[in-house]
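Below: the structure, in structure tokens.
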Amino acid sequence: MNLRDLVAVVPDGALLTFSGFQLNRAPMAMVHELVRQGRHGLRVVGPPNPLPLDLLAAAGALAGADFGFLGFQFEDGFVVAPHVRRLIEVGAIEWRERDVYEIVQGLRAAALGLPYLPAPGPETSDYPRANGSRLVAGPDGGAPVIAALPVRPDFALVHAQEVDRAGNLALSDLFGEEIQTAASVRVLATAERLVDRIDRPTIHGDRVERFAVVPGGAFPTSCHAHYPYSAAHLRVYLRAADARRADEYLGRFVRDCADHAAFLRAAGGPGEWMPAPSAAPAARPEIDPTRVDRIVVNIARAITEGDTVVTGVASALPMLAVALARATRVERLTYINCVGAINPVIDRAWPTSVDVRLLDGCEARLSLPDLFDRARRSPFDMMVFGAAQVDREGRANVTCIGDYARPRVKLPGPAGSASMRPYVRRAVLVVPRHTPRTLVPRVDFATSVVSPMNQETLVVTDIAVLHLVDGRLRLRSIHAGIPFERVREQTGFPVEWDGAITSDPTDEERRVLALLDPGGIRHGMA
């Protein structure tokens, strides 16, 4: 059917879940049509999908959100969904933030008809207290873990690469849609093209109630093998958000467009599929051009022979560090990227770690739920985590500054850090700017904490490397040329130091970084 009739069955107040992940294959055409039809009171739950969520917030259509991550990274840096963030900070929306694994388990529980499923990992973070989570006995009667209660969306909105006349869907970049569609009461789909028959569907047609063929239906997010995300249009959207001109943007690109084809004409998209992102402009030179290089190099030096290394969302620098380690010092390494690519080809710096083009040419793939399950079967050797705050006990905060219920500053959220950190042997926390506001006596919110599984916890900053010893962070080394007095003044808790100096990047490390990133885009990523 046509897009208008497809979306007409969604009532005000419905609970929705969206296909895709980050800037990849979001059902943007259906979201735009919901705004055109004037829906309000909508609620959204699901894996990280910030753009459609933020568009509904900008339109005044969003009443509630249950999410794990609100940010995205692209050529211009890292962004927290601006309209959702404002609504949270002024107390104008009902919201719940929790680890993505708990949301996945809640969807699984609904799909299987179970009263709950255990979601081990985040139970020692501050989320159970903040959310009033139910706890149940862990495996074999062990320590309590979070019980993920069933989450049954009214509608799953899915954009696919292909659909056939029986409603079967083919997705070449599966994230969590199998679970989302199984958990939802009704499934609505759009697709890039109609084919006669899909012999091995990703989502079987008996789940799909109705569909429409909408080329470009995910734009300005990507659709694997069809078009990349549009950095140019993201800039237009974010400029309007910064200027508080959401109505102007929505008028020009949504409400004044009769359909999605009209939006594509107005937005100038989608572009052509390319195997890798086009070269980004060189970053503005920094006062200290080695600052970011020291961060990348020290992440790379933490990788050891034979490691299985995982990076999450907003991890462009850790991904570059993996490529550096491979080229300079580690022969055997398994790298798992959070889009589901195992050992993707990284022969250049990418502006984001969550680009679906990483699936092209990788050795194998896994879905987002598979990634969480794999950690629980066999812990990973190393994972890199971002942090806005780290305290002396190694707790990390990417949740909020101020009170959780009414944050002064809403940070992007945990993604999978709360549930993944307990299942890695070596946790590397990255703090790009070492200041008393980032290295604090105690975090405002403990998004993730140290686990008995963590054999080593490192904190890499722009001026030092710290490690956890007997439950306290101490300086492992100070970067060459940085006086101890400066480090002490810029750390919000007392630090001990034995005089060790971090060696500067070697000539070989500098040479490889120059080959991977000749334009220096890494300097704008931290």
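Identifiers for the structure tokens are assigned positionally: chains receive A, B, ... in sequence, residues are indexed from 1 per chain, and ligands are indexed from 1 in the order shown.
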Fill in: Sel. of alpha helix (DSSP H) residues, segment 228-450 of chain A, as a ChimeraX atom specification
/A:231-242,246-250,260-267,291-301,316-328,368-377,417-420
Could you write those residues out with C-alpha atoms, as a CSV table (one decimal), in the first residue's frame?
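Resulting contents of again_2.csv:
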chain,number,residue,atom,x,y,z
A,231,ALA,CA,26.5,13.9,6.8
A,232,ALA,CA,25.4,16.9,4.7
A,233,HIS,CA,21.7,16.5,5.8
A,234,LEU,CA,22.7,15.7,9.4
A,235,ARG,CA,24.4,19.1,9.4
A,236,VAL,CA,21.2,20.8,8.2
A,237,TYR,CA,19.2,19.1,10.9
A,238,LEU,CA,21.7,19.9,13.7
A,239,ARG,CA,22.1,23.5,12.7
A,240,ALA,CA,18.3,23.9,12.9
A,241,ALA,CA,18.4,22.2,16.4
A,242,ASP,CA,21.2,24.5,17.6
A,246,ALA,CA,12.8,22.8,14.7
A,247,ASP,CA,9.5,24.0,13.3
A,248,GLU,CA,11.3,25.6,10.4
A,249,TYR,CA,13.2,22.3,9.6
A,250,LEU,CA,10.0,20.3,10.0
A,260,HIS,CA,8.9,10.8,1.1
A,261,ALA,CA,9.9,11.3,-2.5
A,262,ALA,CA,9.3,15.0,-2.0
A,263,PHE,CA,11.5,15.0,1.1
A,264,LEU,CA,14.3,13.3,-0.9
A,265,ARG,CA,14.0,16.0,-3.5
A,266,ALA,CA,14.1,18.7,-0.9
A,267,ALA,CA,17.0,17.1,1.0
A,291,ARG,CA,47.5,14.9,22.1
A,292,VAL,CA,45.2,12.6,20.2
A,293,ASP,CA,48.0,10.5,18.8
A,294,ARG,CA,49.0,9.7,22.4
A,295,ILE,CA,45.5,8.5,23.2
A,296,VAL,CA,45.4,6.3,20.1
A,297,VAL,CA,48.9,4.9,20.6
A,298,ASN,CA,48.2,4.0,24.3
A,299,ILE,CA,45.0,2.2,23.4
A,300,ALA,CA,46.9,0.3,20.8
A,301,ARG,CA,49.7,-0.6,23.2
A,316,ALA,CA,36.3,6.0,16.0
A,317,LEU,CA,39.6,6.5,17.9
A,318,PRO,CA,39.7,3.0,19.4
A,319,MET,CA,38.9,1.5,16.0
A,320,LEU,CA,41.9,3.5,14.6
A,321,ALA,CA,44.0,2.1,17.5
A,322,VAL,CA,43.1,-1.5,16.5
A,323,ALA,CA,44.3,-0.8,13.0
A,324,LEU,CA,47.5,0.7,14.4
A,325,ALA,CA,48.1,-2.3,16.7
A,326,ARG,CA,47.6,-4.7,13.7
A,327,ALA,CA,50.1,-2.7,11.6
A,328,THR,CA,52.8,-2.3,14.1
A,368,LEU,CA,23.7,-7.0,18.4
A,369,PRO,CA,22.0,-9.6,20.7
A,370,ASP,CA,24.6,-12.1,19.6
A,371,LEU,CA,27.4,-9.8,20.8
A,372,PHE,CA,25.9,-9.6,24.3
A,373,ASP,CA,25.4,-13.4,24.4
A,374,ARG,CA,28.9,-14.1,23.2
A,375,ALA,CA,30.4,-12.1,26.1
A,376,ARG,CA,28.4,-14.2,28.6
A,377,ARG,CA,29.6,-17.5,27.1
A,417,SER,CA,28.9,-0.5,28.8
A,418,ALA,CA,27.1,-1.4,32.0
A,419,SER,CA,26.5,-5.0,30.9
A,420,MET,CA,29.6,-5.6,28.9
Worksheet item: Using only C-alpha atoms, which residues sit within 10 Å of Phe445 of chain A once same-chain residues fewer than 6 positions away are excluded, as a PyMOL selection string?
Response: chain A and resi 125-127+130+389-390+395-404
Practice prompt. Would you kindly return, as JSON, numbers by chain, each protein, DNA or RNA residue with an atom no farther than 10 Å from any atom of Arg510 of chain A, considering only C-alpha atoms and excluding same-chain residues fewer than 3 positions away?
Written response: {"A": [290, 293, 297, 324, 504, 505, 506, 507, 513, 514, 515, 516]}
Resulting file, chosen residues, all heavy atoms, as a short mmCIF file (atom, residue, chain, number, x, y, z; two decimals), in the first residue's frame:
data_model
loop_
_atom_site.label_atom_id
_atom_site.label_comp_id
_atom_site.auth_asym_id
_atom_site.auth_seq_id
_atom_site.Cartn_x
_atom_site.Cartn_y
_atom_site.Cartn_z
N THR A 290 50.16 16.23 19.08
CA THR A 290 50.39 14.86 19.54
C THR A 290 49.34 14.39 20.55
O THR A 290 49.36 13.23 20.96
CB THR A 290 51.78 14.72 20.18
OG1 THR A 290 51.82 15.51 21.38
CG2 THR A 290 52.87 15.18 19.23
N ASP A 293 47.16 11.64 19.20
CA ASP A 293 48.02 10.52 18.84
C ASP A 293 48.43 9.73 20.08
O ASP A 293 48.51 8.50 20.06
CB ASP A 293 49.27 11.01 18.11
CG ASP A 293 48.97 11.45 16.68
OD1 ASP A 293 47.80 11.34 16.27
OD2 ASP A 293 49.90 11.89 15.99
N VAL A 297 47.71 5.80 20.44
CA VAL A 297 48.87 4.92 20.62
C VAL A 297 48.76 4.12 21.92
O VAL A 297 49.06 2.92 21.95
CB VAL A 297 50.17 5.74 20.58
CG1 VAL A 297 51.34 4.96 21.14
CG2 VAL A 297 50.46 6.18 19.15
N LEU A 324 46.10 0.43 14.12
CA LEU A 324 47.49 0.73 14.42
C LEU A 324 48.19 -0.47 15.05
O LEU A 324 49.33 -0.81 14.67
CB LEU A 324 47.56 1.94 15.36
CG LEU A 324 48.95 2.33 15.86
CD1 LEU A 324 49.85 2.76 14.71
CD2 LEU A 324 48.84 3.45 16.91
N ASP A 504 56.75 8.60 23.98
CA ASP A 504 56.02 9.23 22.87
C ASP A 504 55.80 8.22 21.75
O ASP A 504 56.48 7.18 21.68
CB ASP A 504 56.82 10.41 22.33
CG ASP A 504 56.54 11.70 23.09
OD1 ASP A 504 55.48 11.77 23.74
OD2 ASP A 504 57.36 12.63 23.02
N PRO A 505 54.86 8.50 20.85
CA PRO A 505 54.70 7.63 19.69
C PRO A 505 56.02 7.45 18.96
O PRO A 505 56.78 8.40 18.75
CB PRO A 505 53.68 8.38 18.83
CG PRO A 505 52.88 9.18 19.81
CD PRO A 505 53.85 9.59 20.88
N THR A 506 56.31 6.22 18.58
CA THR A 506 57.54 5.92 17.86
C THR A 506 57.43 6.43 16.42
O THR A 506 56.34 6.77 15.93
CB THR A 506 57.81 4.42 17.84
OG1 THR A 506 56.76 3.77 17.09
CG2 THR A 506 57.85 3.86 19.26
N ASP A 507 58.56 6.45 15.74
CA ASP A 507 58.54 6.85 14.33
C ASP A 507 57.64 5.93 13.53
O ASP A 507 56.91 6.37 12.62
CB ASP A 507 59.97 6.81 13.75
CG ASP A 507 60.85 7.91 14.32
OD1 ASP A 507 60.30 8.88 14.89
OD2 ASP A 507 62.09 7.80 14.20
N LEU A 513 50.11 5.97 11.47
CA LEU A 513 48.99 6.89 11.66
C LEU A 513 48.86 7.85 10.48
O LEU A 513 47.74 8.18 10.05
CB LEU A 513 49.16 7.67 12.96
CG LEU A 513 48.84 6.92 14.24
CD1 LEU A 513 49.20 7.75 15.47
CD2 LEU A 513 47.35 6.54 14.30
N ALA A 514 49.99 8.31 9.95
CA ALA A 514 49.95 9.20 8.79
C ALA A 514 49.38 8.49 7.56
O ALA A 514 48.66 9.10 6.76
CB ALA A 514 51.35 9.73 8.50
N LEU A 515 49.68 7.20 7.41
CA LEU A 515 49.13 6.43 6.30
C LEU A 515 47.63 6.19 6.47
O LEU A 515 46.86 6.25 5.51
CB LEU A 515 49.86 5.10 6.17
CG LEU A 515 51.30 5.14 5.64
CD1 LEU A 515 51.94 3.76 5.74
CD2 LEU A 515 51.33 5.63 4.19
N LEU A 516 47.22 5.88 7.70
CA LEU A 516 45.80 5.60 7.97
C LEU A 516 44.96 6.86 7.94
O LEU A 516 43.77 6.81 7.61
CB LEU A 516 45.66 4.92 9.34
CG LEU A 516 46.20 3.51 9.47
CD1 LEU A 516 46.22 3.08 10.94
CD2 LEU A 516 45.36 2.53 8.65
#
Item to complete: Would you list the contacts of His226 of chain A as a list of chain:residue names, taking every protein, DNA or RNA residue within 12 Å and counting only C-alpha atoms, but skipping same-chain residues closer than 3 positions in sequence?
Response: A:Asn24, A:Arg25, A:Ala160, A:Gln161, A:Glu162, A:Leu171, A:Ser172, A:Asp173, A:Ala191, A:Glu192, A:Arg193, A:Pro215, A:Gly216, A:Gly217, A:Ala218, A:Phe219, A:Thr221, A:Ser222, A:Cys223, A:Tyr229, A:Gly269, A:Pro270, A:Gly271, A:Glu272, A:Trp273, A:Met274, A:Pro275, A:Val356, A:Arg357
Practice prompt. Kindly indicate which residue among A:Ile478, A:Ala427, A:Val158, A:Ala314 lies nearest to Ser19 of chain A, using only C-alpha atoms for the distances.
Written response: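 Closest residue, counting only C-alpha atoms: A:Val158.
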Worksheet entry | Nearest to Ala182 of chain A, chosen from A:Ile203, A:Ala111, A:Ala225, A:Val100, with only C-alpha atoms counted in the distances |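 Checking each of A:Ile203, A:Ala111, A:Ala225, A:Val100 against Ala182 of chain A, counting only C-alpha atoms, the winner is A:Ala111.
Relative to atom CA of Leu62 of chain A, atom CA of Gly251 of chain A is found at 17.5 Å.
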Going by DSSP on the backbone, which residues of segment 69-281 of chain A come out as strand (DSSP E or B)? List them as a short mmCIF file (atom, residue, chain, number, x, y, z; two decimals) with N, CA, C and O atoms, in the first residue's frame.
data_model
loop_
_atom_site.label_atom_id
_atom_site.label_comp_id
_atom_site.auth_asym_id
_atom_site.auth_seq_id
_atom_site.Cartn_x
_atom_site.Cartn_y
_atom_site.Cartn_z
N GLY A 71 23.29 9.13 21.54
CA GLY A 71 24.26 9.87 20.75
C GLY A 71 24.57 9.21 19.42
O GLY A 71 24.23 8.06 19.18
N PHE A 72 25.24 9.98 18.56
CA PHE A 72 25.79 9.41 17.33
C PHE A 72 27.04 10.19 16.96
O PHE A 72 27.22 11.35 17.32
N GLN A 73 27.91 9.51 16.24
CA GLN A 73 29.19 10.06 15.82
C GLN A 73 29.23 10.08 14.30
O GLN A 73 28.83 9.13 13.64
N PHE A 74 29.69 11.21 13.74
CA PHE A 74 29.84 11.30 12.30
C PHE A 74 30.96 12.28 12.00
O PHE A 74 31.77 12.59 12.89
N GLY A 77 31.89 15.06 14.44
CA GLY A 77 32.13 14.77 15.84
C GLY A 77 31.00 13.98 16.46
O GLY A 77 30.23 13.31 15.77
N PHE A 78 30.89 14.10 17.77
CA PHE A 78 29.88 13.34 18.53
C PHE A 78 28.75 14.27 18.96
O PHE A 78 28.99 15.40 19.40
N VAL A 79 27.53 13.78 18.85
CA VAL A 79 26.33 14.58 19.14
C VAL A 79 25.39 13.78 20.01
O VAL A 79 25.15 12.60 19.76
N VAL A 80 24.85 14.39 21.07
CA VAL A 80 23.75 13.81 21.82
C VAL A 80 22.46 14.36 21.23
O VAL A 80 22.33 15.57 21.00
N GLU A 94 8.61 11.80 29.89
CA GLU A 94 8.85 10.60 30.69
C GLU A 94 9.94 9.78 30.01
O GLU A 94 9.88 9.57 28.80
N TRP A 95 10.90 9.33 30.79
CA TRP A 95 12.00 8.59 30.17
C TRP A 95 12.57 7.59 31.15
O TRP A 95 12.47 7.75 32.37
N ARG A 96 13.15 6.56 30.58
CA ARG A 96 13.91 5.59 31.36
C ARG A 96 15.13 5.18 30.54
O ARG A 96 15.00 4.85 29.36
N GLU A 97 16.27 5.26 31.18
CA GLU A 97 17.51 4.84 30.52
C GLU A 97 18.02 3.59 31.20
O GLU A 97 18.04 3.49 32.43
N LEU A 117 13.35 -12.24 31.85
CA LEU A 117 14.61 -12.91 31.56
C LEU A 117 15.71 -12.22 32.33
O LEU A 117 15.69 -10.98 32.49
N PRO A 118 16.68 -12.94 32.85
CA PRO A 118 17.77 -12.29 33.58
C PRO A 118 18.60 -11.44 32.62
O PRO A 118 18.82 -11.80 31.47
N ALA A 119 19.08 -10.31 33.15
CA ALA A 119 19.95 -9.42 32.37
C ALA A 119 21.19 -9.12 33.19
O ALA A 119 21.36 -8.01 33.70
N LEU A 135 15.12 -7.48 41.04
CA LEU A 135 16.29 -8.35 41.05
C LEU A 135 15.87 -9.78 41.31
O LEU A 135 14.93 -10.03 42.09
N VAL A 136 16.55 -10.72 40.67
CA VAL A 136 16.28 -12.15 40.86
C VAL A 136 17.62 -12.85 41.08
O VAL A 136 18.68 -12.29 40.80
N ALA A 137 17.56 -14.06 41.58
CA ALA A 137 18.79 -14.81 41.82
C ALA A 137 19.53 -15.04 40.50
O ALA A 137 18.91 -15.34 39.47
N GLY A 138 20.84 -14.91 40.56
CA GLY A 138 21.66 -15.14 39.39
C GLY A 138 21.81 -16.61 39.07
O GLY A 138 21.20 -17.48 39.73
N GLY A 142 23.19 -17.66 42.34
CA GLY A 142 24.24 -16.70 42.69
C GLY A 142 23.70 -15.34 43.05
O GLY A 142 22.50 -15.16 43.34
N ALA A 143 24.59 -14.35 43.04
CA ALA A 143 24.23 -12.98 43.42
C ALA A 143 23.10 -12.46 42.54
O ALA A 143 22.99 -12.83 41.36
N PRO A 144 22.24 -11.60 43.10
CA PRO A 144 21.08 -11.11 42.34
C PRO A 144 21.48 -10.37 41.06
O PRO A 144 22.49 -9.67 41.02
N VAL A 145 20.66 -10.54 40.04
CA VAL A 145 20.83 -9.84 38.77
C VAL A 145 19.50 -9.18 38.40
O VAL A 145 18.45 -9.51 38.97
N ILE A 146 19.55 -8.26 37.45
CA ILE A 146 18.34 -7.56 37.02
C ILE A 146 17.42 -8.53 36.27
O ILE A 146 17.87 -9.33 35.44
N ALA A 147 16.13 -8.45 36.57
CA ALA A 147 15.11 -9.17 35.82
C ALA A 147 14.53 -8.23 34.77
O ALA A 147 13.91 -7.21 35.10
N ALA A 148 14.75 -8.54 33.51
CA ALA A 148 14.20 -7.73 32.42
C ALA A 148 12.77 -8.17 32.18
O ALA A 148 12.52 -9.29 31.73
N PHE A 155 3.83 -1.57 17.86
CA PHE A 155 4.25 -1.66 16.46
C PHE A 155 5.77 -1.70 16.37
O PHE A 155 6.45 -0.94 17.06
N ALA A 156 6.27 -2.57 15.51
CA ALA A 156 7.66 -2.50 15.06
C ALA A 156 7.65 -1.88 13.68
O ALA A 156 6.95 -2.37 12.77
N LEU A 157 8.38 -0.79 13.51
CA LEU A 157 8.50 -0.13 12.21
C LEU A 157 9.85 -0.52 11.62
O LEU A 157 10.90 -0.21 12.19
N VAL A 158 9.84 -1.21 10.49
CA VAL A 158 11.04 -1.81 9.92
C VAL A 158 11.25 -1.33 8.50
O VAL A 158 10.32 -1.40 7.68
N HIS A 159 12.46 -0.85 8.22
CA HIS A 159 12.84 -0.60 6.82
C HIS A 159 13.79 -1.71 6.40
O HIS A 159 14.72 -2.06 7.12
N ALA A 160 13.53 -2.28 5.20
CA ALA A 160 14.31 -3.41 4.71
C ALA A 160 14.87 -3.10 3.34
O ALA A 160 14.41 -2.18 2.65
N GLN A 161 15.86 -3.89 2.95
CA GLN A 161 16.38 -3.75 1.59
C GLN A 161 15.39 -4.28 0.56
O GLN A 161 15.19 -3.65 -0.48
N GLU A 162 14.75 -5.41 0.87
CA GLU A 162 13.83 -6.01 -0.10
C GLU A 162 12.59 -6.56 0.61
O GLU A 162 12.65 -6.97 1.77
N VAL A 163 11.49 -6.58 -0.13
CA VAL A 163 10.26 -7.23 0.31
C VAL A 163 9.67 -7.96 -0.89
O VAL A 163 9.82 -7.52 -2.03
N ASP A 164 9.04 -9.12 -0.64
CA ASP A 164 8.33 -9.78 -1.74
C ASP A 164 6.83 -9.65 -1.53
O ASP A 164 6.37 -9.07 -0.54
N LEU A 169 10.68 -10.17 4.34
CA LEU A 169 11.66 -9.09 4.32
C LEU A 169 13.07 -9.67 4.27
O LEU A 169 13.38 -10.65 4.96
N ALA A 170 13.94 -9.04 3.47
CA ALA A 170 15.35 -9.38 3.42
C ALA A 170 16.15 -8.20 3.94
O ALA A 170 16.06 -7.10 3.40
N ARG A 186 2.28 -5.79 16.25
CA ARG A 186 2.07 -5.62 14.81
C ARG A 186 3.38 -5.12 14.20
O ARG A 186 4.15 -4.41 14.85
N VAL A 187 3.61 -5.47 12.93
CA VAL A 187 4.82 -5.08 12.23
C VAL A 187 4.43 -4.37 10.93
O VAL A 187 3.68 -4.91 10.12
N LEU A 188 4.96 -3.16 10.76
CA LEU A 188 4.79 -2.40 9.52
C LEU A 188 6.16 -2.25 8.88
O LEU A 188 7.15 -2.01 9.56
N ALA A 189 6.20 -2.37 7.55
CA ALA A 189 7.50 -2.36 6.87
C ALA A 189 7.48 -1.47 5.65
O ALA A 189 6.46 -1.35 4.96
N THR A 190 8.64 -0.87 5.39
CA THR A 190 8.93 -0.27 4.10
C THR A 190 10.17 -0.96 3.55
O THR A 190 10.93 -1.57 4.29
N ALA A 191 10.36 -0.87 2.24
CA ALA A 191 11.52 -1.52 1.63
C ALA A 191 11.99 -0.71 0.43
O ALA A 191 11.22 0.03 -0.18
N GLU A 192 13.27 -0.90 0.12
CA GLU A 192 13.85 -0.22 -1.03
C GLU A 192 13.25 -0.72 -2.34
O GLU A 192 13.03 0.06 -3.26
N ARG A 193 12.97 -2.01 -2.41
CA ARG A 193 12.44 -2.52 -3.66
C ARG A 193 11.60 -3.76 -3.43
O ARG A 193 11.77 -4.47 -2.43
N LEU A 194 10.70 -4.02 -4.38
CA LEU A 194 9.84 -5.21 -4.37
C LEU A 194 10.43 -6.25 -5.31
O LEU A 194 10.79 -5.95 -6.44
N VAL A 195 10.55 -7.50 -4.82
CA VAL A 195 11.04 -8.60 -5.64
C VAL A 195 9.98 -9.69 -5.68
O VAL A 195 9.06 -9.71 -4.85
N ILE A 203 13.01 -11.66 7.98
CA ILE A 203 11.76 -11.55 8.75
C ILE A 203 10.67 -12.18 7.90
O ILE A 203 10.40 -11.74 6.77
N ARG A 210 1.51 -5.23 7.01
CA ARG A 210 1.38 -4.47 5.77
C ARG A 210 2.71 -3.83 5.43
O ARG A 210 3.55 -3.65 6.31
N PHE A 211 2.88 -3.50 4.16
CA PHE A 211 4.16 -2.91 3.75
C PHE A 211 3.94 -1.95 2.60
O PHE A 211 2.92 -1.96 1.92
N ALA A 212 4.96 -1.11 2.39
CA ALA A 212 5.00 -0.18 1.26
C ALA A 212 6.41 -0.20 0.68
O ALA A 212 7.39 -0.39 1.41
N VAL A 213 6.50 0.00 -0.61
CA VAL A 213 7.80 0.12 -1.27
C VAL A 213 8.16 1.59 -1.32
O VAL A 213 7.48 2.39 -1.97
N SER A 222 21.56 5.44 6.74
CA SER A 222 22.03 4.61 5.63
C SER A 222 21.07 3.46 5.36
O SER A 222 20.22 3.12 6.19
N CYS A 223 21.25 2.84 4.21
CA CYS A 223 20.64 1.54 3.92
C CYS A 223 21.70 0.70 3.25
O CYS A 223 22.16 1.02 2.14
N TYR A 227 22.68 3.09 -0.01
CA TYR A 227 23.19 4.46 0.14
C TYR A 227 23.74 4.62 1.55
O TYR A 227 23.28 3.96 2.50
#
Worksheet item: Quick one: of A:Thr447, A:Thr461, A:Asn343, A:Ser477, who's nearest to Asp99 of chain A, counting only C-alpha atoms?
Response: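 For Asp99 of chain A, the nearest of the candidates is A:Thr447.
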Worksheet item: Which residue gives the smallest distance to Ser451 of chain A among A:Pro122, A:Pro228, A:Gly413, A:Gly312, with only C-alpha atoms counted?
Response: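 Using only C-alpha atoms, Ser451 of chain A sits closest to A:Pro122.
The interatomic distance for the pair atom CA of Val45 of chain A and atom CA of Pro150 of chain A works out to 11.9 Å.
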Practice prompt. Select, from A:Phe253, A:Phe21, A:Phe175, A:Phe67, the residue with the minimum atom-to-atom distance to Glu33 of chain A, counting only C-alpha atoms.
Written response: A:Phe253
